[in-house]
$ cat model21.cif   # mmCIF, C-alpha atoms
data_run
#
loop_
_atom_site.group_PDB
_atom_site.id
_atom_site.type_symbol
_atom_site.label_atom_id
_atom_site.label_comp_id
_atom_site.auth_asym_id
_atom_site.auth_seq_id
_atom_site.Cartn_x
_atom_site.Cartn_y
_atom_site.Cartn_z
ATOM 1 C CA MET D 1052 14.311 -5.339 17.377
ATOM 2 C CA ASN D 1053 10.502 -5.226 17.314
ATOM 3 C CA SER D 1054 8.463 -3.086 14.939
ATOM 4 C CA GLN D 1055 7.737 -0.429 17.557
ATOM 5 C CA GLY D 1056 11.460 -0.189 18.405
ATOM 6 C CA SER D 1057 12.344 0.273 14.725
ATOM 7 C CA LEU D 1058 9.886 3.128 14.369
ATOM 8 C CA SER D 1059 11.518 5.012 17.222
ATOM 9 C CA VAL D 1060 15.035 4.813 15.707
ATOM 10 C CA SER D 1061 15.914 8.260 14.363
ATOM 11 C CA ASP D 1062 16.602 8.853 10.677
ATOM 12 C CA GLU D 1063 20.060 10.174 11.593
ATOM 13 C CA SER D 1064 20.927 6.863 13.261
ATOM 14 C CA ILE D 1065 19.619 4.899 10.267
ATOM 15 C CA ALA D 1066 21.615 7.094 7.873
ATOM 16 C CA ARG D 1067 24.770 6.569 9.949
ATOM 17 C CA LEU D 1068 24.278 2.801 9.922
ATOM 18 C CA LEU D 1069 23.640 2.867 6.191
ATOM 19 C CA CYS D 1070 27.014 4.489 5.523
ATOM 20 C CA ASP D 1071 28.820 1.995 7.735
ATOM 21 C CA ASP D 1072 29.597 -1.124 5.665
ATOM 22 C CA SER D 1073 29.392 -3.427 8.652
ATOM 23 C CA HIS D 1074 25.864 -2.229 9.534
ATOM 24 C CA VAL D 1075 24.242 -1.958 6.102
ATOM 25 C CA ASP D 1076 21.969 -4.977 6.652
ATOM 26 C CA GLU D 1077 20.717 -3.511 9.913
ATOM 27 C CA ALA D 1078 20.048 -0.158 8.226
ATOM 28 C CA ILE D 1079 18.095 -1.820 5.412
ATOM 29 C CA ARG D 1080 15.973 -3.752 7.917
ATOM 30 C CA LEU D 1081 15.264 -0.558 9.856
ATOM 31 C CA ILE D 1082 14.307 1.342 6.693
ATOM 32 C CA MET D 1083 11.979 -1.476 5.660
ATOM 33 C CA LYS D 1084 10.365 -1.535 9.114
ATOM 34 C CA LYS D 1085 9.972 2.227 9.304
ATOM 35 C CA TYR D 1086 9.243 3.168 5.681
ATOM 36 C CA GLY D 1087 8.621 -0.095 3.800
ATOM 37 C CA GLU D 1088 4.842 0.098 3.955
ATOM 38 C CA GLN D 1089 4.675 3.793 2.986
ATOM 39 C CA LEU D 1090 7.054 3.206 0.096
ATOM 40 C CA TYR D 1091 5.114 0.153 -1.080
ATOM 41 C CA TRP D 1092 1.822 2.070 -1.199
ATOM 42 C CA HIS D 1093 3.446 5.095 -2.796
ATOM 43 C CA ILE D 1094 4.795 2.848 -5.564
ATOM 44 C CA ARG D 1095 1.583 0.834 -5.838
ATOM 45 C CA ARG D 1096 -0.490 3.972 -6.324
ATOM 46 C CA MET D 1097 1.792 4.836 -9.245
ATOM 47 C CA VAL D 1098 2.135 1.443 -10.942
ATOM 48 C CA VAL D 1099 -1.162 -0.150 -9.716
ATOM 49 C CA ALA D 1100 -0.221 -3.870 -10.055
ATOM 50 C CA HIS D 1101 1.191 -5.587 -6.990
ATOM 51 C CA ASP D 1102 3.832 -7.499 -8.991
ATOM 52 C CA ASP D 1103 5.144 -4.245 -10.446
ATOM 53 C CA ALA D 1104 5.122 -2.595 -7.025
ATOM 54 C CA GLU D 1105 7.107 -5.550 -5.703
ATOM 55 C CA ASP D 1106 9.786 -5.186 -8.407
ATOM 56 C CA CYS D 1107 9.954 -1.429 -7.890
ATOM 57 C CA LEU D 1108 10.261 -1.668 -4.128
ATOM 58 C CA GLN D 1109 13.060 -4.219 -4.427
ATOM 59 C CA GLU D 1110 14.921 -2.012 -6.930
ATOM 60 C CA THR D 1111 14.324 0.989 -4.681
ATOM 61 C CA MET D 1112 15.985 -0.727 -1.727
ATOM 62 C CA ILE D 1113 18.883 -2.003 -3.841
ATOM 63 C CA ASN D 1114 19.402 1.581 -5.039
ATOM 64 C CA VAL D 1115 19.257 2.831 -1.466
ATOM 65 C CA TYR D 1116 22.222 0.541 -0.789
ATOM 66 C CA LYS D 1117 24.030 1.344 -4.061
ATOM 67 C CA TYR D 1118 23.714 5.124 -3.795
ATOM 68 C CA ARG D 1119 23.893 5.454 -0.016
ATOM 69 C CA SER D 1120 26.961 7.691 -0.279
ATOM 70 C CA THR D 1121 24.882 10.276 -2.187
ATOM 71 C CA TYR D 1122 22.476 10.809 0.700
ATOM 72 C CA SER D 1123 22.880 14.223 2.248
ATOM 73 C CA ASN D 1124 21.398 14.811 5.683
ATOM 74 C CA GLU D 1125 20.280 18.313 4.737
ATOM 75 C CA TYR D 1126 17.119 16.564 3.471
ATOM 76 C CA PRO D 1127 14.988 14.163 5.485
ATOM 77 C CA LEU D 1128 15.781 10.489 4.892
ATOM 78 C CA SER D 1129 12.127 9.901 3.975
ATOM 79 C CA SER D 1130 12.308 12.453 1.115
ATOM 80 C CA TRP D 1131 15.381 10.734 -0.274
ATOM 81 C CA LEU D 1132 13.660 7.326 -0.068
ATOM 82 C CA TYR D 1133 10.487 8.638 -1.707
ATOM 83 C CA LYS D 1134 12.564 10.203 -4.467
ATOM 84 C CA ILE D 1135 14.244 6.886 -5.265
ATOM 85 C CA ALA D 1136 10.889 5.069 -5.118
ATOM 86 C CA THR D 1137 9.297 7.669 -7.400
ATOM 87 C CA ASN D 1138 12.125 7.367 -9.929
ATOM 88 C CA GLU D 1139 11.864 3.579 -9.901
ATOM 89 C CA SER D 1140 8.095 3.781 -10.479
ATOM 90 C CA LEU D 1141 8.559 6.182 -13.381
ATOM 91 C CA LYS D 1142 11.306 3.963 -14.805
ATOM 92 C CA LEU D 1143 8.987 0.967 -14.771
ATOM 93 C CA LEU D 1144 6.150 2.940 -16.382
ATOM 94 C CA LYS D 1145 8.582 4.249 -19.001
ATOM 95 C CA SER D 1146 9.666 0.693 -19.806
ATOM 96 C CA ARG D 1147 5.982 -0.174 -20.307
ATOM 97 C CA SER D 1148 5.281 2.786 -22.544
ATOM 98 C CA GLY D 1149 8.156 1.983 -24.916
ATOM 99 C CA PHE D 1150 9.873 4.407 -27.273
ATOM 100 C CA THR D 1151 6.838 5.744 -29.093
ATOM 101 C CA MET D 1152 4.571 6.569 -26.155
ATOM 102 C CA SER D 1153 5.042 8.678 -23.059
ATOM 103 C CA VAL D 1154 4.318 7.563 -19.511
ATOM 104 C CA ASP D 1155 1.198 9.747 -19.588
ATOM 105 C CA ASP D 1156 -0.228 7.631 -22.420
ATOM 106 C CA LEU D 1157 -0.468 4.629 -20.089
ATOM 107 C CA GLY D 1158 -3.518 6.067 -18.298
ATOM 108 C CA ASP D 1159 -6.109 3.780 -19.873
ATOM 109 C CA SER D 1160 -4.181 0.558 -19.283
ATOM 110 C CA LEU D 1161 -3.439 1.596 -15.675
ATOM 111 C CA LYS D 1162 -7.116 2.427 -15.188
ATOM 112 C CA ASP D 1163 -8.077 -1.063 -16.416
ATOM 113 C CA SER D 1164 -5.588 -2.608 -13.958
ATOM 114 C CA VAL D 1165 -7.254 -0.796 -11.041
ATOM 115 C CA ARG D 1166 -10.413 -2.911 -11.294
ATOM 116 C CA GLU D 1167 -8.418 -6.113 -11.905
ATOM 117 C CA GLU D 1168 -6.263 -5.479 -8.824
ATOM 118 C CA ALA D 1169 -9.056 -4.287 -6.512
ATOM 119 C CA SER D 1170 -10.247 -6.597 -3.735
ATOM 120 C CA PRO D 1171 -13.710 -8.081 -4.351
ATOM 121 C CA ASP D 1172 -15.059 -6.280 -1.281
ATOM 122 C CA ALA D 1173 -13.546 -2.891 -2.151
ATOM 123 C CA ASP D 1174 -15.687 0.222 -1.968
ATOM 124 C CA GLU D 1175 -16.821 1.371 -5.430
ATOM 125 C CA THR D 1176 -15.984 5.040 -4.767
ATOM 126 C CA LEU D 1177 -12.444 4.088 -3.746
ATOM 127 C CA ILE D 1178 -12.076 2.150 -7.002
ATOM 128 C CA LEU D 1179 -13.343 5.154 -8.958
ATOM 129 C CA LEU D 1180 -10.867 7.365 -7.099
ATOM 130 C CA GLN D 1181 -7.988 5.074 -8.094
ATOM 131 C CA GLU D 1182 -9.202 4.973 -11.701
ATOM 132 C CA ALA D 1183 -9.283 8.760 -11.775
ATOM 133 C CA ILE D 1184 -5.763 8.909 -10.327
ATOM 134 C CA ALA D 1185 -4.540 6.352 -12.893
ATOM 135 C CA LEU D 1186 -5.738 8.629 -15.712
ATOM 136 C CA LEU D 1187 -3.771 11.649 -14.437
ATOM 137 C CA PRO D 1188 -0.507 12.715 -16.071
ATOM 138 C CA ALA D 1189 2.460 11.331 -14.086
ATOM 139 C CA LYS D 1190 3.443 14.643 -12.487
ATOM 140 C CA GLN D 1191 -0.088 15.423 -11.269
ATOM 141 C CA LYS D 1192 -0.427 11.860 -10.033
ATOM 142 C CA MET D 1193 2.781 12.070 -7.991
ATOM 143 C CA VAL D 1194 1.857 15.408 -6.441
ATOM 144 C CA PHE D 1195 -1.709 14.342 -5.665
ATOM 145 C CA ASN D 1196 -0.660 11.051 -4.058
ATOM 146 C CA LEU D 1197 2.092 12.589 -1.956
ATOM 147 C CA ARG D 1198 -0.221 15.315 -0.678
ATOM 148 C CA TYR D 1199 -3.489 13.419 -0.346
ATOM 149 C CA TYR D 1200 -2.264 10.043 0.914
ATOM 150 C CA ASP D 1201 1.140 10.720 2.456
ATOM 151 C CA ASP D 1202 0.209 14.117 3.872
ATOM 152 C CA LYS D 1203 3.464 15.633 2.611
ATOM 153 C CA SER D 1204 3.959 19.385 2.686
ATOM 154 C CA TYR D 1205 4.675 21.161 -0.607
ATOM 155 C CA GLU D 1206 8.245 21.692 0.644
ATOM 156 C CA GLU D 1207 8.685 17.935 1.063
ATOM 157 C CA ILE D 1208 7.078 17.248 -2.305
ATOM 158 C CA HIS D 1209 9.503 19.763 -3.804
ATOM 159 C CA GLN D 1210 12.396 17.733 -2.336
ATOM 160 C CA ILE D 1211 10.988 14.574 -3.915
ATOM 161 C CA VAL D 1212 9.691 15.783 -7.282
ATOM 162 C CA GLY D 1213 11.903 18.813 -7.799
ATOM 163 C CA ASP D 1214 9.410 21.357 -9.187
ATOM 164 C CA SER D 1215 8.766 24.726 -7.572
ATOM 165 C CA VAL D 1216 6.132 24.942 -4.869
ATOM 166 C CA ASN D 1217 3.862 27.057 -7.113
ATOM 167 C CA THR D 1218 4.034 24.505 -9.918
ATOM 168 C CA LEU D 1219 3.243 21.744 -7.433
ATOM 169 C CA LYS D 1220 0.233 23.651 -6.118
ATOM 170 C CA THR D 1221 -1.042 24.110 -9.664
ATOM 171 C CA ASN D 1222 -0.540 20.394 -10.379
ATOM 172 C CA TYR D 1223 -2.444 19.465 -7.235
ATOM 173 C CA HIS D 1224 -5.282 21.833 -8.063
ATOM 174 C CA TYR D 1225 -5.696 20.374 -11.577
ATOM 175 C CA ALA D 1226 -5.459 16.823 -10.238
ATOM 176 C CA VAL D 1227 -8.206 17.415 -7.675
ATOM 177 C CA GLN D 1228 -10.453 18.953 -10.309
ATOM 178 C CA LYS D 1229 -9.980 16.070 -12.753
ATOM 179 C CA ILE D 1230 -10.564 13.477 -10.026
ATOM 180 C CA LYS D 1231 -13.767 15.163 -8.859
ATOM 181 C CA ASP D 1232 -15.048 15.387 -12.446
ATOM 182 C CA TYR D 1233 -14.289 11.708 -13.062
ATOM 183 C CA ILE D 1234 -15.992 10.500 -9.901
ATOM 184 C CA LEU D 1235 -19.066 12.674 -10.485
ATOM 185 C CA GLU D 1236 -19.306 11.439 -14.037
ATOM 186 C CA HIS D 1237 -18.974 7.738 -13.169
ATOM 187 C CA GLN D 1238 -20.687 7.502 -9.812
ATOM 188 C CA LEU D 1239 -24.072 5.748 -9.890
ATOM 189 C CA MET S 957 -23.353 22.436 -10.185
ATOM 190 C CA LYS S 958 -22.682 19.192 -8.293
ATOM 191 C CA ASP S 959 -19.484 18.989 -6.252
ATOM 192 C CA PHE S 960 -17.680 16.115 -4.640
ATOM 193 C CA ASP S 961 -15.891 16.346 -1.282
ATOM 194 C CA LEU S 962 -12.654 14.459 -1.751
ATOM 195 C CA GLU S 963 -11.616 15.105 1.837
ATOM 196 C CA SER S 964 -14.563 13.113 3.123
ATOM 197 C CA LEU S 965 -13.299 9.927 1.445
ATOM 198 C CA SER S 966 -11.399 7.263 3.334
ATOM 199 C CA ARG S 967 -7.671 7.107 2.569
ATOM 200 C CA GLU S 968 -7.948 3.326 2.426
ATOM 201 C CA MET S 969 -6.794 1.596 -0.734
ATOM 202 C CA PRO S 970 -9.068 -0.794 -2.676
ATOM 203 C CA TYR S 971 -6.124 -3.228 -2.964
ATOM 204 C CA LYS S 972 -4.545 -5.566 -0.460
ATOM 205 C CA MET S 973 -0.905 -6.182 0.325
ATOM 206 C CA PRO S 974 -0.139 -9.922 0.611
ATOM 207 C CA GLU S 975 0.529 -11.162 4.123
ATOM 208 C CA HIS S 976 4.199 -11.168 5.243
ATOM 209 C CA PHE S 977 5.082 -9.356 2.031
ATOM 210 C CA LEU S 978 7.289 -6.740 3.698
ATOM 211 C CA ASP S 979 9.156 -9.282 5.849
ATOM 212 C CA ASP S 980 9.825 -11.486 2.810
ATOM 213 C CA MET S 981 10.918 -8.450 0.800
ATOM 214 C CA THR S 982 13.305 -7.354 3.561
ATOM 215 C CA GLU S 983 15.022 -10.752 3.592
ATOM 216 C CA ARG S 984 15.225 -10.808 -0.213
ATOM 217 C CA VAL S 985 16.781 -7.345 -0.335
ATOM 218 C CA VAL S 986 19.290 -8.113 2.421
ATOM 219 C CA SER S 987 20.321 -11.315 0.639
ATOM 220 C CA GLN S 988 20.617 -9.501 -2.709
ATOM 221 C CA ILE S 989 22.768 -6.782 -1.121
ATOM 222 C CA GLY S 990 24.933 -9.469 0.518
ATOM 223 C CA LYS S 991 25.562 -11.006 -2.935
ATOM 224 C CA GLN S 992 26.418 -7.617 -4.410
ATOM 225 C CA ARG S 993 28.874 -6.892 -1.587
ATOM 226 C CA LYS S 994 30.542 -10.280 -2.127
ATOM 227 C CA GLN S 995 30.845 -9.647 -5.874
ATOM 228 C CA HIS S 996 32.229 -6.174 -5.201
ATOM 229 C CA LYS S 997 34.837 -7.607 -2.825
ATOM 230 C CA GLU S 998 35.833 -10.280 -5.379
ATOM 231 C CA ARG S 999 36.151 -7.631 -8.105
ATOM 232 C CA ARG S 1000 38.397 -5.542 -5.836
ATOM 233 C CA ILE S 1001 40.643 -8.529 -5.086
ATOM 234 C CA PHE S 1002 40.807 -9.373 -8.792
ATOM 235 C CA ALA S 1003 41.684 -5.755 -9.633
ATOM 236 C CA LEU S 1004 44.400 -5.816 -6.967
ATOM 237 C CA PHE S 1005 45.920 -9.001 -8.417
ATOM 238 C CA ALA S 1006 45.630 -7.680 -11.962
ATOM 239 C CA GLY S 1007 47.389 -4.476 -10.910
ATOM 240 C CA ALA S 1008 50.164 -6.407 -9.157
ATOM 241 C CA ALA S 1009 50.580 -8.679 -12.204
ATOM 242 C CA SER S 1010 50.869 -5.637 -14.494
ATOM 243 C CA VAL S 1011 53.544 -4.073 -12.277
ATOM 244 C CA ALA S 1012 55.439 -7.382 -12.213
ATOM 245 C CA ALA S 1013 55.231 -7.690 -16.017
ATOM 246 C CA VAL S 1014 56.583 -4.153 -16.512
ATOM 247 C CA ALA S 1015 59.370 -4.791 -14.015
ATOM 248 C CA LEU S 1016 60.321 -7.998 -15.843
ATOM 249 C CA LEU S 1017 60.475 -6.110 -19.142
ATOM 250 C CA PHE S 1018 63.027 -3.735 -17.668
ATOM 251 C CA LEU S 1019 65.060 -6.376 -15.908
ATOM 252 C CA HIS S 1020 65.101 -9.137 -18.501
ATOM 253 C CA PRO S 1021 66.229 -9.647 -21.252
ATOM 254 C CA PHE S 1022 66.917 -6.039 -22.334
ATOM 255 C CA GLY S 1023 68.180 -4.820 -18.978
ATOM 256 C CA ASN S 1024 70.779 -6.131 -16.543
ATOM 257 C CA GLY S 1025 69.521 -9.660 -17.063
ATOM 258 C CA LEU S 1026 71.241 -9.721 -20.495
ATOM 259 C CA ASN S 1027 74.654 -11.129 -20.056
ATOM 260 C CA ILE S 1028 76.509 -8.480 -22.073
ATOM 261 C CA PRO S 1029 79.713 -7.424 -20.332
ATOM 262 C CA ASP S 1030 79.742 -3.756 -19.261
ATOM 263 C CA TYR S 1031 81.938 -1.081 -20.865
ATOM 264 C CA ASP S 1032 84.765 -1.449 -18.335
ATOM 265 C CA SER S 1033 85.118 -5.183 -18.838
ATOM 266 C CA ILE S 1034 85.035 -4.710 -22.612
ATOM 267 C CA SER S 1035 87.739 -2.066 -22.514
ATOM 268 C CA GLN S 1036 89.917 -4.384 -20.475
ATOM 269 C CA CYS S 1037 89.610 -7.146 -23.045
ATOM 270 C CA ALA S 1038 92.206 -7.591 -25.670
ATOM 271 C CA SER S 1039 89.724 -8.096 -28.483
ATOM 272 C CA VAL S 1040 86.067 -8.459 -29.441
ATOM 273 C CA ASP S 1041 86.682 -12.193 -29.843
ATOM 274 C CA GLU S 1042 87.486 -12.477 -26.139
ATOM 275 C CA VAL S 1043 84.237 -10.677 -25.260
ATOM 276 C CA LEU S 1044 82.285 -12.979 -27.509
ATOM 277 C CA GLN S 1045 83.816 -15.981 -25.755
ATOM 278 C CA THR S 1046 82.298 -14.812 -22.435
ATOM 279 C CA MET S 1047 78.773 -14.640 -23.886
ATOM 280 C CA SER S 1048 76.156 -17.436 -23.690
ATOM 281 C CA ALA S 1049 74.625 -18.966 -26.831
ATOM 282 C CA ASP S 1050 71.360 -16.953 -26.305
ATOM 283 C CA ASP S 1051 73.253 -13.701 -25.826
ATOM 284 C CA LEU S 1052 75.296 -14.435 -28.928
ATOM 285 C CA GLY S 1053 72.065 -14.782 -30.870
ATOM 286 C CA VAL S 1054 70.902 -11.357 -29.682
ATOM 287 C CA TYR S 1055 74.372 -9.925 -30.401
ATOM 288 C CA SER S 1056 74.394 -11.216 -33.974
ATOM 289 C CA MET S 1057 70.856 -9.949 -34.548
ATOM 290 C CA MET S 1058 71.873 -6.479 -33.328
ATOM 291 C CA SER S 1059 75.077 -6.577 -35.399
ATOM 292 C CA ASN S 1060 73.073 -7.313 -38.529
ATOM 293 C CA TYR S 1061 70.642 -4.545 -37.657
ATOM 294 C CA TYR S 1062 73.353 -1.914 -37.201
ATOM 295 C CA GLY S 1063 75.284 -3.234 -40.163
ATOM 296 C CA ASN S 1064 78.431 -4.248 -38.215
#
$ encode --input "model21.cif" --output "structure tokens"
Amino acid sequence: MNSQGSLSVSDESIARLLCDDSHVDEAIRLIMKKYGEQLYWHIRRMVVAHDDAEDCLQETMINVYKYRSTYSNEYPLSSWLYKIATNESLKLLKSRSGFTMSVDDLGDSLKDSVREEASPDADETLILLQEAIALLPAKQKMVFNLRYYDDKSYEEIHQIVGDSVNTLKTNYHYAVQKIKDYILEHQL
Amino acid sequence: MKDFDLESLSREMPYKMPEHFLDDMTERVVSQIGKQRKQHKERRIFALFAGAASVAAVALLFLHPFGNGLNIPDYDSISQCASVDEVLQTMSADDLGVYSMMSNYYGN
């Protein structure tokens, strides 16, 4: 099946294939074709380094297979996938922060990775934006990325992150403010 | 006060995704899942055999040597015998061993 064909396959069909043992491989291929890129960038924006994003995406897909029976079609398949990807990203960041630090304390090291990982021809403002995002607390970072880059509604973000819509709106508002301040402060 | 319009920025990322990365990842995941399914199947077969072996072991315990497998004549055949000596003559050497052990235990 070509890439265009995969994109037109409905989430319901993919979910049905996923729960059918003889079609799991097909379901995984379809998910990767339809959502692989979105999931990769969602993870990458959280963990910054490509190698980490690679590990997280692989674990995400293995978990999709392992916990496929827990998927309920009352939520969109994409929300379920994003939730697993988000958890995997947080798990990796937690493993980096160790027992004494929280994930939010990783801001500076993630910010340093942004410049190391950036392409040589990358726009300076886009690098500054990623640095600002890297410095945000994990919750604000998740909400900002899902809204700003993935264009998710607050309802969808609620399905992924779990907080109330009002809390999410507050998180987004603070994130935007901090990002603007950072860019204004560091822009030449 | 200066402001910055975030909405005017491109949504592009300053990083690059390596070429063919998603295709390679798909194949790796499918292969990994295939291995996990195989292991799961093997574990189920092993559990099935282990369960069957346990049932067989329990059945053997009941059937031999404490159950019918023990060659001790039943009550009717004993009552028809003239004496305990005659019963003892019908028992095998192994059964006699068990009989003498039980006799000692019960103080007969």
$ resolve_selection --input "model21.cif" --expression "the PyMOL selection byres ((chain S) within 8 of (chain D))" --output "PyMOL selection string"
chain S and resi 958-962+965-973+978+981-982+985-986+988-989
$ residues_around --input "model21.cif" --residues "region 1134-1138 of chain D" --least-positions-apart "5" --cutoff "8 Å" --atoms "all atoms listed in the file" --output "PyMOL selection string"
chain D and resi 1090+1093-1094+1107-1108+1111+1114-1115+1193+1210-1212
$ closest_residue --input "model21.cif" --among "D:Tyr1133, D:Met1097, D:Ser1123, D:Ala1066" --to "Gly1213 (chain D)" --atoms "all atoms listed in the file"
D:Tyr1133
$ closest_residue --input "model21.cif" --among "D:Ser1073, D:Asn1222, D:Asn1124, D:Ser1164" --to "Asp1102 (chain D)" --atoms "all atoms listed in the file"
D:Ser1164
$ atom_distance --input "model21.cif" --atom1 "CA of Val1194 (chain D)" --atom2 "CA of Leu1219 (chain D)"
6.6 Å
$ atom_distance --input "model21.cif" --atom1 "CA of Ala1185 (chain D)" --atom2 "CA of Leu1141 (chain D)"
13.1 Å
$ resolve_selection --input "model21.cif" --expression "the PyMOL selection byres ((chain D and resi 1207) around 10)" --output "PyMOL selection string"
chain D and resi 1126-1127+1129-1131+1133+1197-1198+1202-1206+1208-1213+1216
$ write_last_selection --input "model21.cif" --atoms "C-alpha atoms" --output "compact mmCIF listing (two decimals), keeping the file's coordinate frame"
# COMPACT_ATOMS: atom_id res chain seq x y z
CA TYR D 1126 17.12 16.56 3.47
CA PRO D 1127 14.99 14.16 5.48
CA SER D 1129 12.13 9.90 3.98
CA SER D 1130 12.31 12.45 1.12
CA TRP D 1131 15.38 10.73 -0.27
CA TYR D 1133 10.49 8.64 -1.71
CA LEU D 1197 2.09 12.59 -1.96
CA ARG D 1198 -0.22 15.32 -0.68
CA ASP D 1202 0.21 14.12 3.87
CA LYS D 1203 3.46 15.63 2.61
CA SER D 1204 3.96 19.39 2.69
CA TYR D 1205 4.68 21.16 -0.61
CA GLU D 1206 8.24 21.69 0.64
CA ILE D 1208 7.08 17.25 -2.31
CA HIS D 1209 9.50 19.76 -3.80
CA GLN D 1210 12.40 17.73 -2.34
CA ILE D 1211 10.99 14.57 -3.92
CA VAL D 1212 9.69 15.78 -7.28
CA GLY D 1213 11.90 18.81 -7.80
CA VAL D 1216 6.13 24.94 -4.87
